[in-house]
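Source file: work06.pdb; contents: PDB, C-alpha atoms, pLDDT in the B column.
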MODEL        1
ATOM      1  CA  MET A   1      -8.212 -37.659  18.036  1.00 30.00           C
ATOM      2  CA  TRP A   2     -10.531 -35.186  19.683  1.00 34.00           C
ATOM      3  CA  VAL A   3      -9.046 -32.569  22.005  1.00 33.00           C
ATOM      4  CA  ARG A   4     -11.115 -31.075  24.789  1.00 36.00           C
ATOM      5  CA  HIS A   5     -10.550 -27.414  25.533  1.00 38.00           C
ATOM      6  CA  CYS A   6     -11.441 -26.399  29.086  1.00 35.00           C
ATOM      7  CA  LYS A   7     -11.885 -22.999  30.705  1.00 37.00           C
ATOM      8  CA  ALA A   8     -11.377 -22.399  34.412  1.00 33.00           C
ATOM      9  CA  ILE A   9     -14.059 -20.155  35.907  1.00 30.00           C
ATOM     10  CA  VAL A  10     -13.363 -18.474  39.245  1.00 31.00           C
ATOM     11  CA  ILE A  11     -16.396 -17.478  41.318  1.00 29.00           C
ATOM     12  CA  LEU A  12     -15.805 -14.954  44.109  1.00 30.00           C
ATOM     13  CA  SER A  13     -18.249 -14.546  46.958  1.00 34.00           C
ATOM     14  CA  ALA A  14     -18.242 -12.378  50.087  1.00 36.00           C
ATOM     15  CA  VAL A  15     -19.803 -15.205  52.063  1.00 36.00           C
ATOM     16  CA  LEU A  16     -18.368 -18.384  50.657  1.00 37.00           C
ATOM     17  CA  PRO A  17     -14.724 -19.070  49.925  1.00 41.00           C
ATOM     18  CA  GLY A  18     -13.683 -18.996  46.308  1.00 39.00           C
ATOM     19  CA  PHE A  19     -14.268 -22.075  44.256  1.00 35.00           C
ATOM     20  CA  LEU A  20     -12.505 -23.107  41.094  1.00 36.00           C
ATOM     21  CA  ILE A  21     -14.995 -24.668  38.794  1.00 36.00           C
ATOM     22  CA  ALA A  22     -13.733 -26.406  35.704  1.00 39.00           C
ATOM     23  CA  GLY A  23     -16.125 -25.936  32.853  1.00 44.00           C
ATOM     24  CA  CYS A  24     -15.245 -27.937  29.795  1.00 47.00           C
ATOM     25  CA  GLU A  25     -16.374 -27.167  26.279  1.00 47.00           C
ATOM     26  CA  THR A  26     -16.456 -30.114  23.909  1.00 52.00           C
ATOM     27  CA  PRO A  27     -16.214 -29.104  20.256  1.00 53.00           C
ATOM     28  CA  ALA A  28     -18.879 -30.438  17.961  1.00 54.00           C
ATOM     29  CA  PRO A  29     -17.847 -33.654  16.199  1.00 57.00           C
ATOM     30  CA  PRO A  30     -16.711 -33.199  12.609  1.00 62.00           C
ATOM     31  CA  ALA A  31     -19.507 -33.314  10.054  1.00 73.00           C
ATOM     32  CA  GLN A  32     -19.951 -36.599   8.212  1.00 86.00           C
ATOM     33  CA  PHE A  33     -20.285 -36.505   4.435  1.00 92.00           C
ATOM     34  CA  PRO A  34     -21.321 -39.292   2.075  1.00 93.00           C
ATOM     35  CA  GLU A  35     -18.749 -40.711  -0.305  1.00 93.00           C
ATOM     36  CA  LEU A  36     -19.040 -39.316  -3.804  1.00 95.00           C
ATOM     37  CA  THR A  37     -19.255 -42.242  -6.219  1.00 95.00           C
ATOM     38  CA  TYR A  38     -20.175 -42.446  -9.886  1.00 96.00           C
ATOM     39  CA  ARG A  39     -20.210 -46.151 -10.743  1.00 94.00           C
ATOM     40  CA  HIS A  40     -24.011 -46.158 -10.687  1.00 94.00           C
ATOM     41  CA  LEU A  41     -23.955 -43.930 -13.788  1.00 95.00           C
ATOM     42  CA  GLY A  42     -22.448 -46.695 -15.875  1.00 94.00           C
ATOM     43  CA  PRO A  43     -19.276 -46.500 -17.950  1.00 96.00           C
ATOM     44  CA  LEU A  44     -18.642 -44.119 -20.793  1.00 97.00           C
ATOM     45  CA  THR A  45     -16.710 -46.581 -22.923  1.00 97.00           C
ATOM     46  CA  LEU A  46     -14.103 -45.242 -25.324  1.00 98.00           C
ATOM     47  CA  ASP A  47     -12.341 -46.959 -28.201  1.00 97.00           C
ATOM     48  CA  VAL A  48      -8.876 -46.261 -26.805  1.00 98.00           C
ATOM     49  CA  ALA A  49      -6.116 -48.373 -25.304  1.00 98.00           C
ATOM     50  CA  ARG A  50      -5.837 -46.324 -22.126  1.00 97.00           C
ATOM     51  CA  ILE A  51      -7.162 -43.281 -20.290  1.00 97.00           C
ATOM     52  CA  GLU A  52      -4.932 -40.720 -18.607  1.00 97.00           C
ATOM     53  CA  VAL A  53      -5.963 -37.956 -16.212  1.00 97.00           C
ATOM     54  CA  ALA A  54      -3.914 -34.788 -15.821  1.00 97.00           C
ATOM     55  CA  THR A  55      -4.495 -31.330 -14.397  1.00 95.00           C
ATOM     56  CA  ARG A  56      -3.536 -27.864 -15.505  1.00 96.00           C
ATOM     57  CA  TYR A  57      -5.238 -26.339 -12.498  1.00 97.00           C
ATOM     58  CA  ILE A  58      -2.949 -25.695  -9.540  1.00 96.00           C
ATOM     59  CA  PRO A  59      -4.826 -24.801  -6.322  1.00 96.00           C
ATOM     60  CA  PRO A  60      -3.431 -21.535  -4.875  1.00 97.00           C
ATOM     61  CA  LEU A  61      -3.963 -22.839  -1.312  1.00 97.00           C
ATOM     62  CA  LYS A  62      -4.762 -19.326  -0.083  1.00 97.00           C
ATOM     63  CA  PRO A  63      -7.718 -16.873  -0.010  1.00 97.00           C
ATOM     64  CA  PRO A  64      -9.948 -16.225  -1.792  1.00 98.00           C
ATOM     65  CA  ASN A  65      -9.702 -19.889  -2.837  1.00 98.00           C
ATOM     66  CA  VAL A  66     -11.097 -22.402  -0.371  1.00 98.00           C
ATOM     67  CA  GLU A  67     -11.384 -25.622  -2.425  1.00 98.00           C
ATOM     68  CA  HIS A  68      -8.455 -27.146  -0.528  1.00 97.00           C
ATOM     69  CA  ARG A  69     -10.486 -26.799   2.697  1.00 97.00           C
ATOM     70  CA  ALA A  70     -13.560 -28.575   1.337  1.00 97.00           C
ATOM     71  CA  PRO A  71     -14.468 -32.053   2.628  1.00 97.00           C
ATOM     72  CA  VAL A  72     -13.863 -33.264  -0.942  1.00 97.00           C
ATOM     73  CA  ALA A  73     -11.891 -30.957  -3.215  1.00 97.00           C
ATOM     74  CA  PRO A  74     -13.434 -30.524  -6.687  1.00 98.00           C
ATOM     75  CA  TYR A  75     -10.256 -31.705  -8.424  1.00 97.00           C
ATOM     76  CA  ALA A  76     -10.227 -34.870  -6.310  1.00 97.00           C
ATOM     77  CA  ALA A  77     -13.892 -35.505  -7.104  1.00 98.00           C
ATOM     78  CA  ILE A  78     -13.277 -35.046 -10.843  1.00 98.00           C
ATOM     79  CA  ARG A  79     -10.396 -37.520 -10.709  1.00 97.00           C
ATOM     80  CA  ARG A  80     -12.635 -40.032  -8.942  1.00 97.00           C
ATOM     81  CA  TRP A  81     -15.368 -39.426 -11.505  1.00 98.00           C
ATOM     82  CA  ALA A  82     -12.934 -40.087 -14.359  1.00 98.00           C
ATOM     83  CA  GLY A  83     -11.696 -43.293 -12.753  1.00 97.00           C
ATOM     84  CA  GLN A  84     -15.207 -44.637 -12.253  1.00 97.00           C
ATOM     85  CA  ARG A  85     -16.951 -43.273 -15.351  1.00 97.00           C
ATOM     86  CA  LEU A  86     -14.452 -43.463 -18.233  1.00 98.00           C
ATOM     87  CA  LYS A  87     -13.518 -46.902 -19.547  1.00 97.00           C
ATOM     88  CA  ALA A  88     -10.940 -47.874 -22.165  1.00 98.00           C
ATOM     89  CA  ALA A  89     -11.905 -50.775 -24.438  1.00 97.00           C
ATOM     90  CA  GLY A  90      -9.762 -50.353 -27.547  1.00 97.00           C
ATOM     91  CA  ARG A  91      -6.385 -51.412 -28.870  1.00 96.00           C
ATOM     92  CA  ARG A  92      -4.849 -48.088 -29.841  1.00 97.00           C
ATOM     93  CA  ASN A  93      -5.001 -44.342 -29.134  1.00 97.00           C
ATOM     94  CA  VAL A  94      -5.262 -42.661 -25.744  1.00 98.00           C
ATOM     95  CA  ALA A  95      -7.970 -40.560 -24.098  1.00 98.00           C
ATOM     96  CA  ASN A  96      -6.697 -37.640 -22.008  1.00 98.00           C
ATOM     97  CA  LEU A  97      -8.936 -36.004 -19.441  1.00 98.00           C
ATOM     98  CA  VAL A  98      -7.385 -32.673 -18.480  1.00 98.00           C
ATOM     99  CA  ILE A  99      -8.721 -30.700 -15.498  1.00 98.00           C
ATOM    100  CA  LEU A 100      -8.663 -27.038 -16.514  1.00 98.00           C
ATOM    101  CA  ASP A 101     -10.427 -25.564 -13.483  1.00 98.00           C
ATOM    102  CA  ALA A 102     -11.669 -26.959 -10.170  1.00 98.00           C
ATOM    103  CA  SER A 103     -11.960 -23.977  -7.864  1.00 98.00           C
ATOM    104  CA  ILE A 104     -14.156 -22.587  -5.121  1.00 98.00           C
ATOM    105  CA  ARG A 105     -13.651 -18.903  -4.318  1.00 98.00           C
ATOM    106  CA  GLU A 106     -15.055 -16.863  -1.453  1.00 98.00           C
ATOM    107  CA  VAL A 107     -16.592 -13.498  -2.326  1.00 97.00           C
ATOM    108  CA  PRO A 108     -17.488 -11.201   0.635  1.00 95.00           C
ATOM    109  CA  LEU A 109     -20.938  -9.650   0.368  1.00 95.00           C
ATOM    110  CA  PRO A 110     -21.881  -6.194   1.689  1.00 91.00           C
ATOM    111  CA  VAL A 111     -23.733  -6.305   5.009  1.00 83.00           C
ATOM    112  CA  LYS A 112     -26.138  -3.508   5.939  1.00 73.00           C
ATOM    113  CA  GLY A 113     -25.636  -1.683   9.202  1.00 67.00           C
ATOM    114  CA  GLY A 114     -28.069   0.186  11.434  1.00 55.00           C
ATOM    115  CA  LEU A 115     -31.240  -1.170  12.986  1.00 54.00           C
ATOM    116  CA  LYS A 116     -32.268  -2.990   9.831  1.00 53.00           C
ATOM    117  CA  GLY A 117     -29.000  -4.871   9.737  1.00 49.00           C
ATOM    118  CA  LEU A 118     -29.127  -5.512  13.471  1.00 55.00           C
ATOM    119  CA  PHE A 119     -32.435  -7.347  13.352  1.00 51.00           C
ATOM    120  CA  THR A 120     -31.991  -9.283  10.126  1.00 68.00           C
ATOM    121  CA  THR A 121     -29.773 -12.219   9.250  1.00 73.00           C
ATOM    122  CA  GLN A 122     -27.842 -11.284   6.151  1.00 86.00           C
ATOM    123  CA  GLN A 123     -25.867 -13.280   3.631  1.00 92.00           C
ATOM    124  CA  SER A 124     -22.268 -12.313   4.230  1.00 92.00           C
ATOM    125  CA  ALA A 125     -20.350 -14.434   1.722  1.00 96.00           C
ATOM    126  CA  ARG A 126     -20.852 -16.127  -1.613  1.00 97.00           C
ATOM    127  CA  TYR A 127     -18.913 -19.158  -2.771  1.00 98.00           C
ATOM    128  CA  ASP A 128     -18.366 -19.452  -6.512  1.00 98.00           C
ATOM    129  CA  GLY A 129     -17.497 -22.917  -7.772  1.00 98.00           C
ATOM    130  CA  ARG A 130     -16.062 -23.480 -11.225  1.00 98.00           C
ATOM    131  CA  ALA A 131     -15.044 -26.641 -13.043  1.00 98.00           C
ATOM    132  CA  ALA A 132     -13.776 -27.216 -16.555  1.00 98.00           C
ATOM    133  CA  VAL A 133     -12.367 -30.289 -18.272  1.00 98.00           C
ATOM    134  CA  LEU A 134     -10.999 -31.240 -21.652  1.00 98.00           C
ATOM    135  CA  LEU A 135     -11.461 -34.769 -22.985  1.00 98.00           C
ATOM    136  CA  GLU A 136      -9.313 -35.449 -26.017  1.00 98.00           C
ATOM    137  CA  ILE A 137      -8.400 -38.441 -28.132  1.00 98.00           C
ATOM    138  CA  ARG A 138      -4.808 -38.670 -29.354  1.00 98.00           C
ATOM    139  CA  ASP A 139      -3.155 -41.261 -31.524  1.00 97.00           C
ATOM    140  CA  ASP A 140      -0.112 -43.189 -30.364  1.00 93.00           C
ATOM    141  CA  GLY A 141       2.109 -40.521 -31.887  1.00 95.00           C
ATOM    142  CA  GLY A 142       0.480 -37.745 -29.835  1.00 95.00           C
ATOM    143  CA  ARG A 143      -1.617 -36.174 -32.613  1.00 97.00           C
ATOM    144  CA  GLN A 144      -5.004 -34.893 -31.468  1.00 97.00           C
ATOM    145  CA  LEU A 145      -7.843 -36.679 -33.256  1.00 98.00           C
ATOM    146  CA  ALA A 146     -10.897 -35.228 -31.484  1.00 98.00           C
ATOM    147  CA  PHE A 147     -11.778 -33.292 -28.347  1.00 98.00           C
ATOM    148  CA  ALA A 148     -14.617 -31.932 -26.230  1.00 98.00           C
ATOM    149  CA  THR A 149     -14.461 -29.202 -23.586  1.00 98.00           C
ATOM    150  CA  VAL A 150     -17.114 -28.464 -20.962  1.00 98.00           C
ATOM    151  CA  ARG A 151     -17.482 -25.991 -18.114  1.00 98.00           C
ATOM    152  CA  ALA A 152     -19.751 -25.718 -15.093  1.00 98.00           C
ATOM    153  CA  THR A 153     -20.383 -22.951 -12.565  1.00 98.00           C
ATOM    154  CA  ARG A 154     -22.331 -22.958  -9.318  1.00 98.00           C
ATOM    155  CA  SER A 155     -22.753 -20.419  -6.503  1.00 98.00           C
ATOM    156  CA  MET A 156     -24.084 -20.580  -2.946  1.00 98.00           C
ATOM    157  CA  THR A 157     -24.233 -18.039  -0.117  1.00 97.00           C
ATOM    158  CA  VAL A 158     -23.870 -18.317   3.652  1.00 96.00           C
ATOM    159  CA  ALA A 159     -25.334 -16.158   6.400  1.00 94.00           C
ATOM    160  CA  GLU A 160     -23.189 -13.998   8.644  1.00 91.00           C
ATOM    161  CA  GLY A 161     -21.833 -15.963  11.539  1.00 90.00           C
ATOM    162  CA  ALA A 162     -21.971 -19.260   9.629  1.00 94.00           C
ATOM    163  CA  SER A 163     -19.995 -21.974  11.379  1.00 95.00           C
ATOM    164  CA  MET A 164     -17.211 -23.944   9.751  1.00 96.00           C
ATOM    165  CA  ALA A 165     -19.492 -26.993   9.601  1.00 96.00           C
ATOM    166  CA  GLN A 166     -22.087 -24.973   7.703  1.00 96.00           C
ATOM    167  CA  ARG A 167     -19.467 -23.706   5.280  1.00 97.00           C
ATOM    168  CA  GLU A 168     -18.159 -27.231   4.737  1.00 97.00           C
ATOM    169  CA  ARG A 169     -21.672 -28.376   3.829  1.00 97.00           C
ATOM    170  CA  VAL A 170     -21.841 -25.593   1.241  1.00 98.00           C
ATOM    171  CA  TRP A 171     -18.450 -26.544  -0.217  1.00 98.00           C
ATOM    172  CA  PHE A 172     -19.461 -30.200  -0.375  1.00 98.00           C
ATOM    173  CA  ALA A 173     -22.737 -29.339  -2.127  1.00 98.00           C
ATOM    174  CA  LEU A 174     -20.874 -27.166  -4.627  1.00 98.00           C
ATOM    175  CA  THR A 175     -18.432 -29.973  -5.412  1.00 98.00           C
ATOM    176  CA  GLU A 176     -21.229 -32.497  -5.825  1.00 98.00           C
ATOM    177  CA  ASP A 177     -23.206 -30.179  -8.135  1.00 98.00           C
ATOM    178  CA  LEU A 178     -20.167 -29.204 -10.214  1.00 98.00           C
ATOM    179  CA  VAL A 179     -19.190 -32.801 -10.947  1.00 98.00           C
ATOM    180  CA  SER A 180     -22.798 -33.719 -11.741  1.00 98.00           C
ATOM    181  CA  ASP A 181     -22.913 -30.864 -14.247  1.00 98.00           C
ATOM    182  CA  ILE A 182     -19.578 -31.882 -15.761  1.00 98.00           C
ATOM    183  CA  ASP A 183     -20.777 -35.479 -16.089  1.00 98.00           C
ATOM    184  CA  ARG A 184     -24.003 -34.538 -17.849  1.00 97.00           C
ATOM    185  CA  ARG A 185     -22.438 -31.982 -20.179  1.00 98.00           C
ATOM    186  CA  LEU A 186     -19.378 -34.044 -21.055  1.00 97.00           C
ATOM    187  CA  GLU A 187     -21.457 -37.071 -22.004  1.00 96.00           C
ATOM    188  CA  ALA A 188     -23.567 -34.887 -24.301  1.00 97.00           C
ATOM    189  CA  GLU A 189     -20.492 -33.270 -25.871  1.00 97.00           C
ATOM    190  CA  ALA A 190     -18.736 -36.620 -26.254  1.00 96.00           C
ATOM    191  CA  ARG A 191     -21.699 -37.997 -28.182  1.00 94.00           C
ATOM    192  CA  ARG A 192     -21.504 -34.951 -30.414  1.00 96.00           C
ATOM    193  CA  HIS A 193     -17.742 -34.547 -30.926  1.00 96.00           C
ATOM    194  CA  LEU A 194     -16.243 -37.953 -29.993  1.00 97.00           C
ATOM    195  CA  ARG A 195     -18.905 -40.147 -31.519  1.00 96.00           C
ATOM    196  CA  ALA A 196     -16.387 -42.062 -33.625  1.00 96.00           C
ATOM    197  CA  TYR A 197     -14.592 -43.162 -30.434  1.00 97.00           C
ATOM    198  CA  LEU A 198     -17.603 -44.120 -28.301  1.00 97.00           C
ATOM    199  CA  LEU A 199     -18.520 -47.767 -27.842  1.00 95.00           C
ATOM    200  CA  GLY A 200     -21.903 -49.066 -26.753  1.00 83.00           C
ATOM    201  CA  PRO A 201     -25.204 -47.201 -26.564  1.00 73.00           C
TER     202      PRO A 201
ENDMDL
END
File written out as C-alpha cells:
Amino acid sequence: MWVRHCKAIVILSAVLPGFLIAGCETPAPPAQFPELTYRHLGPLTLDVARIEVATRYIPPLKPPNVEHRAPVAPYAAIRRWAGQRLKAAGRRNVANLVILDASIREVPLPVKGGLKGLFTTQQSARYDGRAAVLLEIRDDGGRQLAFATVRATRSMTVAEGASMAQRERVWFALTEDLVSDIDRRLEAEARRHLRAYLLGP
C-alpha cells in the first residue's frame, strides 16, 4: 500500500488573508526488477540420489552489510540457482551445495572538498559483492568423495546523493553478476573435479 505524505504550506500576505495550501508529495513508485531465473541454462545433472542446499553464511543484518536490503539477496539468488540448475539423476550419494559467502558491503569513499568538490559529482560509496560456494559429493555414510569450491567478487560505486532506487539497482546488478560468475566457474570446476559424477554432455 502506498502512503502519501503531505506538507501544509502557509502563505502570509499583507493584502490577502492567509491561505492554507495543501501540497502533497507522492513518493516515487518502487523500482521493478526482473525475476532472476536460470532454467534457460539447462541442468547440470549429477549422478546422485538427491541435492541439498545449506548455508554457512549468516547475514549480519547491519552496516556495513547491505545484502539484506537488496531487491534479491545474493544468498536467495544462489538458492534459486541451485534449485533450477542442479539436477539429481542417480540412485545413491548426495550432492551438497554449501553457501560460504553471499555478502554486499558498503565502503565509504573519500569526497574532495573545496571548489573542485563543489562543482563535480563524486563517487561517495563503493559496494563490494562477494559470493562463494562449495559443491561436494558425499556417500550415503557421509564420507566426502569429491568437491569443488568457487568464489566471485564484484564491485560498483554510486555517486554522492544517490537515491535508494539507484542503490537498489546497483545491489541487484551485483547479485545478478555474482551468480552468473558462480554459475560459469562452478560448471568449469565441476567438469574438472566432479567429472566422475556428471551425467550428460
Pull out every residue that the PyMOL selection byres ((chain A and resi 90) around 9) matches in the shown coordinates and put them as a PyMOL selection string. chain A and resi 46-50+88-89+91-93
Mind dumping the selected residues with C-alpha atoms as an mmCIF file, in the coordinates of the input?
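Result file is again05.cif:
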data_model
loop_
_atom_site.group_PDB
_atom_site.id
_atom_site.type_symbol
_atom_site.label_atom_id
_atom_site.label_comp_id
_atom_site.auth_asym_id
_atom_site.auth_seq_id
_atom_site.Cartn_x
_atom_site.Cartn_y
_atom_site.Cartn_z
ATOM 1 C CA LEU A 46 -14.103 -45.242 -25.324
ATOM 2 C CA ASP A 47 -12.341 -46.959 -28.201
ATOM 3 C CA VAL A 48 -8.876 -46.261 -26.805
ATOM 4 C CA ALA A 49 -6.116 -48.373 -25.304
ATOM 5 C CA ARG A 50 -5.837 -46.324 -22.126
ATOM 6 C CA ALA A 88 -10.940 -47.874 -22.165
ATOM 7 C CA ALA A 89 -11.905 -50.775 -24.438
ATOM 8 C CA ARG A 91 -6.385 -51.412 -28.870
ATOM 9 C CA ARG A 92 -4.849 -48.088 -29.841
ATOM 10 C CA ASN A 93 -5.001 -44.342 -29.134
#
Hits of the PyMOL selection byres ((chain A and resi 55) around 8) in this structure, as number ranges by chain: A: 53-54, 56-58, 98-100
Taking all listed atoms of segment 33-47 of chain A, build the axis-aligned box, pad each of the six sides by 6 Å, then write its centre and edge lengths in Å to one decimal as AutoDock Vina command-line options.
--center_x -18.2 --center_y -41.7 --center_z -11.9 --size_x 23.7 --size_y 22.5 --size_z 44.6
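Here atom CA of Leu61 of chain A stands at a distance of 27.9 Å from atom CA of Arg185 of chain A.
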Expand the PyMOL selection byres ((chain A and resi 173) around 10) into the individual residues it matches in the shown file, reporting them as a short mmCIF file (atom, residue, chain, number, x, y, z; two decimals) with C-alpha atoms, in the coordinates of the input.
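Result file is expr_2.cif:
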data_model
loop_
_atom_site.label_atom_id
_atom_site.label_comp_id
_atom_site.auth_asym_id
_atom_site.auth_seq_id
_atom_site.Cartn_x
_atom_site.Cartn_y
_atom_site.Cartn_z
CA ALA A 70 -13.56 -28.58 1.34
CA PRO A 71 -14.47 -32.05 2.63
CA VAL A 72 -13.86 -33.26 -0.94
CA ARG A 154 -22.33 -22.96 -9.32
CA SER A 155 -22.75 -20.42 -6.50
CA MET A 156 -24.08 -20.58 -2.95
CA ARG A 167 -19.47 -23.71 5.28
CA GLU A 168 -18.16 -27.23 4.74
CA ARG A 169 -21.67 -28.38 3.83
CA VAL A 170 -21.84 -25.59 1.24
CA TRP A 171 -18.45 -26.54 -0.22
CA PHE A 172 -19.46 -30.20 -0.38
CA LEU A 174 -20.87 -27.17 -4.63
CA THR A 175 -18.43 -29.97 -5.41
CA GLU A 176 -21.23 -32.50 -5.82
CA ASP A 177 -23.21 -30.18 -8.14
CA LEU A 178 -20.17 -29.20 -10.21
#
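Of the listed residues (A:Ala73, A:Ala95, A:Val66, A:Ala31), A:Ala95 comes nearest to Arg143 of chain A; the distances count only C-alpha atoms.
We find atom CA of Gln123 of chain A and atom CA of Asp101 of chain A to be spaced 26.1 Å apart.
Picture a line from atom CA of Thr157 of chain A to atom CA of Ala82 of chain A; it runs 28.6 Å.
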Identify the residues within 7 Å of coordinate (-10.4, -33.4, -19.5) (same frame as the file), considering only C-alpha atoms, and give the answer as JSON, numbers by chain. {"A": [96, 97, 98, 99, 133, 134, 135, 136]}
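Within the 9 Å cut-off around Leu44 of chain A, using all atoms listed in the file and omitting residues fewer than 5 positions from it on the same chain, the listed residues are A:Arg85, A:Leu86, A:Lys87, A:Ala88, A:Glu187, A:Leu198, A:Leu199, A:Gly200.
Considering the residues A:Pro64, A:Pro110, A:Gly142, A:Gly83 and counting only C-alpha atoms, Gly129 of chain A has its shortest atom-to-atom contact with A:Pro64.
Of the listed residues (A:Ser124, A:Pro74, A:Arg69, A:Ile137), A:Ser124 comes nearest to Lys112 of chain A; the distances count only C-alpha atoms.
Closest approach to Thr37 of chain A among A:Ala132, A:Ala146, A:Ala77, A:Ala190: A:Ala77, based on all atoms listed in the file.
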Starting from the incomplete input, reconstruct N, CA and C atoms of segment 31-53 of chain A and write that as a short mmCIF file (atom, residue, chain, number, x, y, z; two decimals), in the frame of the given file.
data_model
loop_
_atom_site.label_atom_id
_atom_site.label_comp_id
_atom_site.auth_asym_id
_atom_site.auth_seq_id
_atom_site.Cartn_x
_atom_site.Cartn_y
_atom_site.Cartn_z
N ALA A 31 -18.36 -32.92 10.86
CA ALA A 31 -19.51 -33.31 10.05
C ALA A 31 -19.16 -34.54 9.21
N GLN A 32 -20.13 -35.41 9.02
CA GLN A 32 -19.95 -36.60 8.21
C GLN A 32 -20.55 -36.36 6.83
N PHE A 33 -19.82 -36.71 5.79
CA PHE A 33 -20.28 -36.51 4.43
C PHE A 33 -20.29 -37.84 3.69
N PRO A 34 -21.28 -38.04 2.84
CA PRO A 34 -21.32 -39.29 2.08
C PRO A 34 -20.18 -39.35 1.07
N GLU A 35 -19.80 -40.54 0.70
CA GLU A 35 -18.75 -40.71 -0.30
C GLU A 35 -19.32 -40.40 -1.69
N LEU A 36 -18.61 -39.62 -2.45
CA LEU A 36 -19.04 -39.32 -3.80
C LEU A 36 -18.59 -40.44 -4.73
N THR A 37 -19.55 -41.15 -5.30
CA THR A 37 -19.26 -42.24 -6.22
C THR A 37 -20.06 -42.05 -7.50
N TYR A 38 -19.55 -42.65 -8.58
CA TYR A 38 -20.18 -42.45 -9.89
C TYR A 38 -20.34 -43.74 -10.67
N ARG A 39 -20.08 -44.87 -10.04
CA ARG A 39 -20.21 -46.15 -10.74
C ARG A 39 -21.65 -46.42 -11.15
N HIS A 40 -22.61 -45.90 -10.37
CA HIS A 40 -24.01 -46.16 -10.69
C HIS A 40 -24.43 -45.52 -12.00
N LEU A 41 -23.63 -44.59 -12.53
CA LEU A 41 -23.96 -43.93 -13.79
C LEU A 41 -23.64 -44.80 -14.99
N GLY A 42 -22.85 -45.84 -14.76
CA GLY A 42 -22.45 -46.70 -15.88
C GLY A 42 -21.24 -46.13 -16.59
N PRO A 43 -20.50 -46.97 -17.30
CA PRO A 43 -19.28 -46.50 -17.95
C PRO A 43 -19.55 -45.74 -19.24
N LEU A 44 -18.70 -44.78 -19.50
CA LEU A 44 -18.64 -44.12 -20.79
C LEU A 44 -17.45 -44.76 -21.50
N THR A 45 -17.74 -45.73 -22.36
CA THR A 45 -16.71 -46.58 -22.92
C THR A 45 -16.13 -45.97 -24.20
N LEU A 46 -14.81 -45.87 -24.21
CA LEU A 46 -14.10 -45.24 -25.32
C LEU A 46 -13.24 -46.26 -26.07
N ASP A 47 -13.15 -46.09 -27.36
CA ASP A 47 -12.34 -46.96 -28.20
C ASP A 47 -10.89 -46.48 -28.18
N VAL A 48 -10.27 -46.65 -27.01
CA VAL A 48 -8.88 -46.26 -26.80
C VAL A 48 -8.20 -47.35 -25.98
N ALA A 49 -6.87 -47.36 -26.04
CA ALA A 49 -6.12 -48.37 -25.30
C ALA A 49 -5.97 -48.02 -23.84
N ARG A 50 -5.98 -46.73 -23.52
CA ARG A 50 -5.84 -46.32 -22.13
C ARG A 50 -6.41 -44.92 -21.93
N ILE A 51 -6.64 -44.59 -20.67
CA ILE A 51 -7.16 -43.28 -20.29
C ILE A 51 -6.19 -42.66 -19.29
N GLU A 52 -5.83 -41.43 -19.52
CA GLU A 52 -4.93 -40.72 -18.61
C GLU A 52 -5.62 -39.46 -18.10
N VAL A 53 -5.37 -39.14 -16.84
CA VAL A 53 -5.96 -37.96 -16.21
C VAL A 53 -4.83 -37.04 -15.78
#
